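model23.cif, holding mmCIF, C-alpha atoms:
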data_coords
#
loop_
_atom_site.group_PDB
_atom_site.id
_atom_site.type_symbol
_atom_site.label_atom_id
_atom_site.label_comp_id
_atom_site.auth_asym_id
_atom_site.auth_seq_id
_atom_site.Cartn_x
_atom_site.Cartn_y
_atom_site.Cartn_z
ATOM 1 C CA MET A 1 0.000 0.000 0.000
ATOM 2 C CA PHE A 2 1.308 3.418 -0.890
ATOM 3 C CA CYS A 3 0.307 6.863 0.159
ATOM 4 C CA ASN A 4 -0.127 9.348 -2.629
ATOM 5 C CA GLN A 5 -0.027 13.038 -1.847
ATOM 6 C CA ILE A 6 -1.612 15.458 -4.222
ATOM 7 C CA PHE A 7 -0.804 19.116 -3.773
ATOM 8 C CA ALA A 8 -2.560 21.785 -5.751
ATOM 9 C CA PHE A 9 -2.262 25.527 -5.923
ATOM 10 C CA ASP A 10 -3.665 28.145 -8.265
ATOM 11 C CA GLN A 11 -1.056 30.222 -10.046
ATOM 12 C CA ASN A 12 -2.271 32.756 -12.607
ATOM 13 C CA GLY A 13 -5.373 30.803 -13.599
ATOM 14 C CA VAL A 14 -3.592 27.443 -13.717
ATOM 15 C CA GLN A 15 -4.056 24.693 -11.147
ATOM 16 C CA VAL A 16 -0.784 22.864 -10.532
ATOM 17 C CA ILE A 17 -1.205 19.295 -9.305
ATOM 18 C CA ARG A 18 1.847 17.443 -7.955
ATOM 19 C CA VAL A 19 1.634 13.682 -7.460
ATOM 20 C CA THR A 20 4.101 11.944 -5.107
ATOM 21 C CA ASP A 21 4.262 8.625 -3.290
ATOM 22 C CA ILE A 22 4.782 7.892 0.413
ATOM 23 C CA ASN A 23 8.546 8.292 0.016
ATOM 24 C CA ASN A 24 7.967 11.738 -1.462
ATOM 25 C CA GLU A 25 9.133 10.410 -4.822
ATOM 26 C CA LEU A 26 7.529 12.021 -7.825
ATOM 27 C CA VAL A 27 5.064 10.076 -9.945
ATOM 28 C CA THR A 28 6.020 10.927 -13.529
ATOM 29 C CA GLY A 29 3.666 10.184 -16.418
ATOM 30 C CA ALA A 30 0.521 9.822 -14.317
ATOM 31 C CA LYS A 31 -2.623 10.451 -16.347
ATOM 32 C CA VAL A 32 -4.851 13.106 -14.792
ATOM 33 C CA GLU A 33 -8.215 13.395 -16.487
ATOM 34 C CA ILE A 34 -11.654 14.803 -15.981
ATOM 35 C CA PRO A 35 -14.049 11.868 -16.514
ATOM 36 C CA GLY A 36 -16.635 12.244 -19.250
ATOM 37 C CA THR A 37 -14.646 14.936 -21.055
ATOM 38 C CA ASN A 38 -11.717 15.091 -23.434
ATOM 39 C CA TYR A 39 -9.563 16.864 -20.827
ATOM 40 C CA VAL A 40 -6.488 14.703 -20.228
ATOM 41 C CA TYR A 41 -3.208 15.838 -18.674
ATOM 42 C CA TYR A 42 0.001 14.020 -17.721
ATOM 43 C CA THR A 43 2.431 14.692 -14.915
ATOM 44 C CA ASN A 44 5.855 15.863 -16.051
ATOM 45 C CA ILE A 45 9.294 14.839 -14.773
ATOM 46 C CA LYS A 46 8.583 16.871 -11.606
ATOM 47 C CA GLY A 47 5.352 14.926 -11.013
ATOM 48 C CA GLU A 48 3.301 18.008 -11.877
ATOM 49 C CA CYS A 49 0.545 18.728 -14.346
ATOM 50 C CA TYR A 50 -1.095 22.050 -15.105
ATOM 51 C CA ILE A 51 -4.856 22.342 -15.532
ATOM 52 C CA PRO A 52 -6.674 25.631 -16.217
ATOM 53 C CA SER A 53 -8.516 26.601 -13.019
ATOM 54 C CA ASN A 54 -11.708 27.435 -14.875
ATOM 55 C CA ILE A 55 -11.907 23.849 -16.159
ATOM 56 C CA LEU A 56 -11.555 22.374 -12.654
ATOM 57 C CA ARG A 57 -14.256 24.701 -11.325
ATOM 58 C CA GLN A 58 -16.701 23.297 -13.899
ATOM 59 C CA TYR A 59 -16.337 19.667 -12.832
ATOM 60 C CA ASN A 60 -16.492 17.729 -9.562
ATOM 61 C CA LEU A 61 -14.185 14.809 -10.255
ATOM 62 C CA VAL A 62 -10.601 14.156 -11.356
ATOM 63 C CA SER A 63 -9.275 10.672 -12.150
ATOM 64 C CA ILE A 64 -5.628 9.719 -11.758
ATOM 65 C CA HIS A 65 -4.172 6.655 -13.451
ATOM 66 C CA SER A 66 -0.598 5.426 -13.186
ATOM 67 C CA ILE A 67 1.169 2.163 -13.900
ATOM 68 C CA SER A 68 1.572 0.048 -10.746
ATOM 69 C CA TYR A 69 -1.228 1.904 -8.947
ATOM 70 C CA LYS A 70 -4.972 1.413 -8.854
ATOM 71 C CA SER A 71 -6.954 4.177 -10.524
ATOM 72 C CA LEU A 72 -8.096 6.938 -8.236
ATOM 73 C CA ASN A 73 -11.051 9.329 -8.386
ATOM 74 C CA ILE A 74 -10.811 12.538 -6.364
ATOM 75 C CA ASN A 75 -13.361 15.263 -5.813
ATOM 76 C CA THR A 76 -11.924 18.525 -7.151
ATOM 77 C CA LYS A 77 -12.565 20.132 -3.748
ATOM 78 C CA ASP A 78 -10.318 17.501 -2.111
ATOM 79 C CA ILE A 79 -7.373 17.773 -4.484
ATOM 80 C CA SER A 80 -4.982 18.988 -1.781
ATOM 81 C CA SER A 81 -5.718 16.018 0.473
ATOM 82 C CA LYS A 82 -3.679 12.897 1.154
ATOM 83 C CA VAL A 83 -4.851 9.728 -0.606
ATOM 84 C CA ILE A 84 -3.919 6.060 -0.120
ATOM 85 C CA LEU A 85 -3.090 4.051 -3.258
ATOM 86 C CA GLU A 86 -2.534 0.319 -3.555
ATOM 87 C CA PHE A 87 -0.411 -1.554 -6.052
ATOM 88 C CA ARG A 88 -2.354 -3.317 -8.784
#
Spit out the file's structure as structure tokens when you get a sec.
Amino acid sequence: MFCNQIFAFDQNGVQVIRVTDINNELVTGAKVEIPGTNYVYYTNIKGECYIPSNILRQYNLVSIHSISYKSLNINTKDISSKVILEFR
């Protein structure tokens, strides 16, 4: 079982989401999407992805998918919370 921390902050109309594991290691290449839309983002080498804030305000859910982890759905209001992930 791994702990996944997701930190988000709004910087000039862009929501930055950083995905790390329990060892504070960055999760690179994680797919961050808004279900039911064509909005799909990927974390970069720093474990971050950038989503326009106005898009996040329109939807309630974000899904995160990464190899070796189970998929995760997070309410957009809870994006800065700590989430537990399990290996597949």
Name the residues in contact with A:Cys49 at a cut-off of 9 Å, using all atoms listed in the file, excluding same-chain residues fewer than 4 positions from it; report them as a PyMOL selection string. chain A and resi 15-19+30+32+41-44
Could you please determine the separation between atom CA of A:Glu25 and atom CA of A:Asn60 in Å, to one decimal place? 27.1 Å
For this structure, which residues satisfy the selection - the PyMOL selection byres ((chain A and resi 68) around 7) - when it is evaluated on the file as given? I want them as a PyMOL selection string. chain A and resi 66-67+69-70+87-88
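For the structure in this document, the set picked by the PyMOL selection byres ((chain A and resi 35) around 12) is Lys31, Val32, Glu33, Ile34, Gly36, Thr37, Asn38, Tyr39, Val40, Tyr41, Leu56, Tyr59, Asn60, Leu61, Val62, Ser63, Ile64, His65, Leu72, Asn73, Ile74, Asn75 and Thr76 of chain A.
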Got a sec to resolve the PyMOL selection byres ((chain A and resi 51) around 6) on this structure and send the residues as a PyMOL selection string? chain A and resi 14-15+50+52
As AutoDock Vina command-line options: centre and edge lengths in Å, one decimal, of the axis-aligned box holding stretch 63-82 of chain A with 8 Å per side:
--center_x -5.9 --center_y 10.1 --center_z -6.4 --size_x 30.9 --size_y 36.1 --size_z 31.1
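Straight-line separation from atom CA of A:Ile22 to atom CA of A:Ile79: 16.4 Å.
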For atom CA of A:Ile55 and atom CA of A:Thr28, quote the distance in Å rounded to one decimal. 22.3 Å
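Closest approach to A:Lys46 among A:Asn12, A:Thr20, A:Gln58, A:Ser71 is made by A:Thr20 (distances from all atoms listed in the file).
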